[in-house]
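Participant: Structure in structure tokens, see below.
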Amino acid sequence: MNQIVAEIITIGDEILFGQTLDTNAHWMSGELQKSGLKTGWRTTVGDNDTQITAALSVAESRADVILITGGLGPTKDDLTKETLARYFDSEIEMNQRALAELEDFMLRRGRKLNESTRKQAELPVKSEIVSNFKGTAAGMLFRKDGKVFVAMPGIPHEMKGMMTTTVLPLVKREFQLPVIYHKIVRTAGIGESWLAEKIVDWENSLPDHIRLAYLPTFGDIKMRITAYGNSKNDLQEEVAGYVQRLVPQIREFVYGYDDDSLAEVVGRLLIEKGQKLAIAESCSGGYVSHAITSIPGCSAYFNGSVVAYQNEIKVDVLGIKQETLNEFGAVSEETVSEMANNVRSVLNADMGLATSGIAGPTGGTTDKPVGLIYIACATDENTICKKLQLVQDRYVNIRLTTVAALNLLRRRLIEKD
Ligand code: ATP
């Protein structure tokens with residue numbers, strides 16, 4: 001089956017100036033993907049006739065479906081309609097259906113139709129109208145040599161309305177699109193290249209219609225397996241077979257599937273094992289607790305946390321021994337282990353999780369450089385501590401520490417009887 005390829009052209013100086021985030025292209029790509037249509041290219045151009053024409057011409061040479069947003073409004077800087085009319089060599093005339101829909105739209109809102117709004121019902125005669133139920137600028141559809149061009153307004157909710165009610169159903173009807181099935185395997189505690197090395201044979205065994213992508217964010221790697229075919233059930237079964245062969249090779253790192261989050265998985269394990277959690281955070285400043293409390297129902301297993309940033313708080317609230325701090329410092333295996341163990345009794349929990357480190361960008365020494373972090377997890381049996389040497393960026397260090405701490409907790413919970 002030939003892959004049908006889309007190109008998205010977003011028009012607007014404000015996007016090129018960095019004033020508006022191009023959420024239209026982001027959303028459209030996602031919806032096209034769900035419908036089995038691959039986005040081959042995204043192009044952004046300014047409110048400029050020459051740029052728009054060039055973008056249309058390039059898109060026509062390489063894509064089957066060309067989706068355009070922006071510049072359809074009634075103001076002088078909105079050039080898309082005129083440019084499209086020239087591109088398709090078409091007159092612009094009042095479109096009676098567009099006018100009727102516009103009058104109805106205004107009437108329902110108790111508003112009068114002024115001349116510039118009325119002009120929005122004028123469309124290139126070679127286009128088909130794409131109704132806009134959420135605004136005043138009608139969309140336009142052009143056909144050329146089996147290709148479809150659709151121009152929609154830039155305003156996100158108007159574009160989304162047109163895509164959902166008209167454009168996606170039309171594309172599905174007129175093009176033979178493959179079924180796309182995604183399965184996500186989620187891992188933590190291993191770097192992308194290590195992961196890739198471990199599964200190289202498995203990855204090489206994937207057929208052409210099944211692809212693997214690594215999507216890392218802060219120590220948490222999504223492995224997205226995408227399969228293309230004709231039947232969702234067949235793809236689902238085939239991918240399940242590949243996942244079954246994959247997981248045993250990386251079992252200790254796999255924490256979940258699809259929409260699972262690490263904090264959610266940890267929460268489920270805490271409930272399953274009947275454990276209450278308390279957290280003592282230094283360098284992560286509450287981020288681990290935030291991840292835990294982002295999960296609805298966490299009061300069933302989370303007692304609370306202490307953000308013990310200053311040494312006095314570590315001593316006064318968590319009962320860390322002054323000698324430990326004097327001898328080893330706040331960023332040490334000894335201190336973080338005491339923090340994890342002591343917070344259990346301070347907050348009356350079964351398990352304690354703690355972090356302490358130098359998040360940066362300053363504050364490092366030769367012995368203890370920026371990015372040196374200790375995490376620890378204590379149970380009634382023992383305390384396990386891990387040393388991490390992370391990077392120079394404060395925010396990245398906090399996020400990486402959070403994932404590492406949650407993953408340490410997860411591993412301990414799995415091992416627990
Ligand atoms: P209008 O009828 O308002 O003139 P239009 O089709 O002319 O609509 P623009 O004027 O280009 O669209 O954009 C209107 C608003 O829509 C912008 O101010 C911006 O907030 C938003 N917008 C435009 N393009 C995008 C985009 N690609 N992603 C997100 N928002 C966008």
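Starting from 1 in every chain, residues are counted up; chains themselves are A, B, ... following the order of the structure tokens, and ligands are numbered from 1 as listed.
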Report as JSON lines the residues of chain A within 7 Å of ligand 1, each with its shortest atom pair and distance in Å (one decimal), using only C-alpha atoms and all ligand atoms, ordered by chain and increasing residue number.
Facilitator:
```
{"residue": "A:Thr10", "atom": "CA", "partner": "ligand 1", "partner_atom_place_in_ligand_line": "27 (N)", "distance": 5.1}
{"residue": "A:Ile11", "atom": "CA", "partner": "ligand 1", "partner_atom_place_in_ligand_line": "11 (O)", "distance": 6.2}
{"residue": "A:Gly12", "atom": "CA", "partner": "ligand 1", "partner_atom_place_in_ligand_line": "11 (O)", "distance": 5.1}
{"residue": "A:Ile15", "atom": "CA", "partner": "ligand 1", "partner_atom_place_in_ligand_line": "27 (N)", "distance": 6.7}
{"residue": "A:Thr20", "atom": "CA", "partner": "ligand 1", "partner_atom_place_in_ligand_line": "30 (N)", "distance": 6.1}
{"residue": "A:Leu21", "atom": "CA", "partner": "ligand 1", "partner_atom_place_in_ligand_line": "29 (C)", "distance": 5.6}
{"residue": "A:Asp22", "atom": "CA", "partner": "ligand 1", "partner_atom_place_in_ligand_line": "28 (N)", "distance": 3.6}
{"residue": "A:Thr23", "atom": "CA", "partner": "ligand 1", "partner_atom_place_in_ligand_line": "28 (N)", "distance": 4.1}
{"residue": "A:Asn24", "atom": "CA", "partner": "ligand 1", "partner_atom_place_in_ligand_line": "28 (N)", "distance": 4.0}
{"residue": "A:Ala25", "atom": "CA", "partner": "ligand 1", "partner_atom_place_in_ligand_line": "27 (N)", "distance": 6.0}
{"residue": "A:Thr69", "atom": "CA", "partner": "ligand 1", "partner_atom_place_in_ligand_line": "24 (N)", "distance": 6.3}
{"residue": "A:Gly70", "atom": "CA", "partner": "ligand 1", "partner_atom_place_in_ligand_line": "11 (O)", "distance": 3.5}
{"residue": "A:Gly71", "atom": "CA", "partner": "ligand 1", "partner_atom_place_in_ligand_line": "7 (O)", "distance": 3.5}
{"residue": "A:Leu72", "atom": "CA", "partner": "ligand 1", "partner_atom_place_in_ligand_line": "6 (O)", "distance": 3.7}
{"residue": "A:Gly73", "atom": "CA", "partner": "ligand 1", "partner_atom_place_in_ligand_line": "4 (O)", "distance": 3.1}
{"residue": "A:Pro74", "atom": "CA", "partner": "ligand 1", "partner_atom_place_in_ligand_line": "4 (O)", "distance": 6.0}
{"residue": "A:Thr75", "atom": "CA", "partner": "ligand 1", "partner_atom_place_in_ligand_line": "4 (O)", "distance": 6.5}
{"residue": "A:Asp78", "atom": "CA", "partner": "ligand 1", "partner_atom_place_in_ligand_line": "7 (O)", "distance": 5.4}
{"residue": "A:Thr136", "atom": "CA", "partner": "ligand 1", "partner_atom_place_in_ligand_line": "2 (O)", "distance": 6.7}
{"residue": "A:Ala137", "atom": "CA", "partner": "ligand 1", "partner_atom_place_in_ligand_line": "2 (O)", "distance": 5.6}
{"residue": "A:Met152", "atom": "CA", "partner": "ligand 1", "partner_atom_place_in_ligand_line": "6 (O)", "distance": 6.5}
{"residue": "A:Pro153", "atom": "CA", "partner": "ligand 1", "partner_atom_place_in_ligand_line": "6 (O)", "distance": 3.2}
{"residue": "A:Gly154", "atom": "CA", "partner": "ligand 1", "partner_atom_place_in_ligand_line": "12 (O)", "distance": 3.5}
{"residue": "A:Ile155", "atom": "CA", "partner": "ligand 1", "partner_atom_place_in_ligand_line": "16 (O)", "distance": 3.4}
{"residue": "A:Pro156", "atom": "CA", "partner": "ligand 1", "partner_atom_place_in_ligand_line": "30 (N)", "distance": 5.4}
```
Participant: Would you give me, as JSON lines, each residue of segment 297-335 of chain A having an atom within 7 Å of an atom of segment 259-281 of chain A, along with its shortest atom pair and that distance in Å to one decimal, using only C-alpha atoms and sorting by chain and residue number?
Facilitator:
```
{"residue": "A:Cys298", "atom": "CA", "partner": "A:Gly267", "partner_atom": "CA", "distance": 6.8}
{"residue": "A:Tyr301", "atom": "CA", "partner": "A:Lys276", "partner_atom": "CA", "distance": 4.6}
{"residue": "A:Phe302", "atom": "CA", "partner": "A:Leu277", "partner_atom": "CA", "distance": 4.9}
{"residue": "A:Asn303", "atom": "CA", "partner": "A:Ala278", "partner_atom": "CA", "distance": 5.5}
{"residue": "A:Gly304", "atom": "CA", "partner": "A:Ala278", "partner_atom": "CA", "distance": 5.3}
{"residue": "A:Ser305", "atom": "CA", "partner": "A:Ile279", "partner_atom": "CA", "distance": 4.4}
{"residue": "A:Val306", "atom": "CA", "partner": "A:Ala280", "partner_atom": "CA", "distance": 4.8}
{"residue": "A:Val307", "atom": "CA", "partner": "A:Glu281", "partner_atom": "CA", "distance": 4.7}
{"residue": "A:Ala308", "atom": "CA", "partner": "A:Glu281", "partner_atom": "CA", "distance": 5.9}
```
Participant: Once you have the residues from the selection above, write them out as an mmCIF file, in the first residue's frame, restricted to C-alpha atoms.
Facilitator:
```cif
data_model
loop_
_atom_site.group_PDB
_atom_site.id
_atom_site.type_symbol
_atom_site.label_atom_id
_atom_site.label_comp_id
_atom_site.auth_asym_id
_atom_site.auth_seq_id
_atom_site.Cartn_x
_atom_site.Cartn_y
_atom_site.Cartn_z
ATOM 1 C CA CYS A 298 -2.107 8.820 46.647
ATOM 2 C CA TYR A 301 -0.017 5.208 50.471
ATOM 3 C CA PHE A 302 1.739 8.566 50.874
ATOM 4 C CA ASN A 303 2.154 9.915 54.419
ATOM 5 C CA GLY A 304 4.066 13.086 53.620
ATOM 6 C CA SER A 305 7.453 14.604 53.016
ATOM 7 C CA VAL A 306 10.050 16.937 54.486
ATOM 8 C CA VAL A 307 11.995 19.247 52.212
ATOM 9 C CA ALA A 308 15.107 19.436 54.382
#
```
Participant: For the structure I just gave you, how does DSSP split segment 98-254 of chain A - specifically, which residues are strand (DSSP E)? Reply as a PyMOL selection string.
Facilitator: chain A and resi 122-124+128-130+139-144+147-152+179-188+210-217+220-229+254
Participant: Considering only C-alpha atoms, return as a VMD selection string whatever protein or nucleic-acid residues lie within 12 Å of Leu56 of chain A, sequence-local ones (same chain, fewer than 6 positions apart) excluded.
Facilitator: chain A and resid 7 to 11 42 to 45 49 to 50 62 to 68 80 83 to 88 142 144 147 to 151
Participant: Can I get the selected residues back with C-alpha atoms, as an mmCIF file, in the first residue's frame?
Facilitator:
```
data_model
loop_
_atom_site.group_PDB
_atom_site.id
_atom_site.type_symbol
_atom_site.label_atom_id
_atom_site.label_comp_id
_atom_site.auth_asym_id
_atom_site.auth_seq_id
_atom_site.Cartn_x
_atom_site.Cartn_y
_atom_site.Cartn_z
ATOM 1 C CA GLU A 7 2.368 18.463 4.435
ATOM 2 C CA ILE A 8 1.296 21.095 6.926
ATOM 3 C CA ILE A 9 1.862 24.738 6.056
ATOM 4 C CA THR A 10 1.304 27.183 8.890
ATOM 5 C CA ILE A 11 1.153 30.819 7.888
ATOM 6 C CA ARG A 42 5.848 20.894 8.173
ATOM 7 C CA THR A 43 6.562 24.316 6.776
ATOM 8 C CA THR A 44 6.002 27.719 8.339
ATOM 9 C CA VAL A 45 5.949 30.895 6.264
ATOM 10 C CA ASP A 49 2.552 36.223 -0.948
ATOM 11 C CA THR A 50 5.909 35.050 -2.349
ATOM 12 C CA ARG A 62 6.100 16.089 -2.538
ATOM 13 C CA ALA A 63 2.830 15.622 -0.633
ATOM 14 C CA ASP A 64 -0.636 14.239 -1.386
ATOM 15 C CA VAL A 65 -2.592 16.199 1.206
ATOM 16 C CA ILE A 66 -1.609 19.784 1.934
ATOM 17 C CA LEU A 67 -3.139 21.380 5.017
ATOM 18 C CA ILE A 68 -2.768 25.105 5.467
ATOM 19 C CA THR A 80 -3.897 33.346 2.086
ATOM 20 C CA THR A 83 -2.599 33.858 -2.867
ATOM 21 C CA LEU A 84 -4.460 30.557 -3.211
ATOM 22 C CA ALA A 85 -6.765 32.067 -5.848
ATOM 23 C CA ARG A 86 -3.732 33.167 -7.862
ATOM 24 C CA TYR A 87 -1.996 29.822 -7.343
ATOM 25 C CA PHE A 88 -5.004 27.916 -8.687
ATOM 26 C CA PHE A 142 -8.807 22.732 -3.839
ATOM 27 C CA LYS A 144 -5.234 19.259 -8.375
ATOM 28 C CA LYS A 147 -3.911 16.054 -4.528
ATOM 29 C CA VAL A 148 -6.028 17.876 -1.983
ATOM 30 C CA PHE A 149 -5.246 21.310 -0.560
ATOM 31 C CA VAL A 150 -7.252 22.614 2.412
ATOM 32 C CA ALA A 151 -6.888 26.111 3.846
#
```
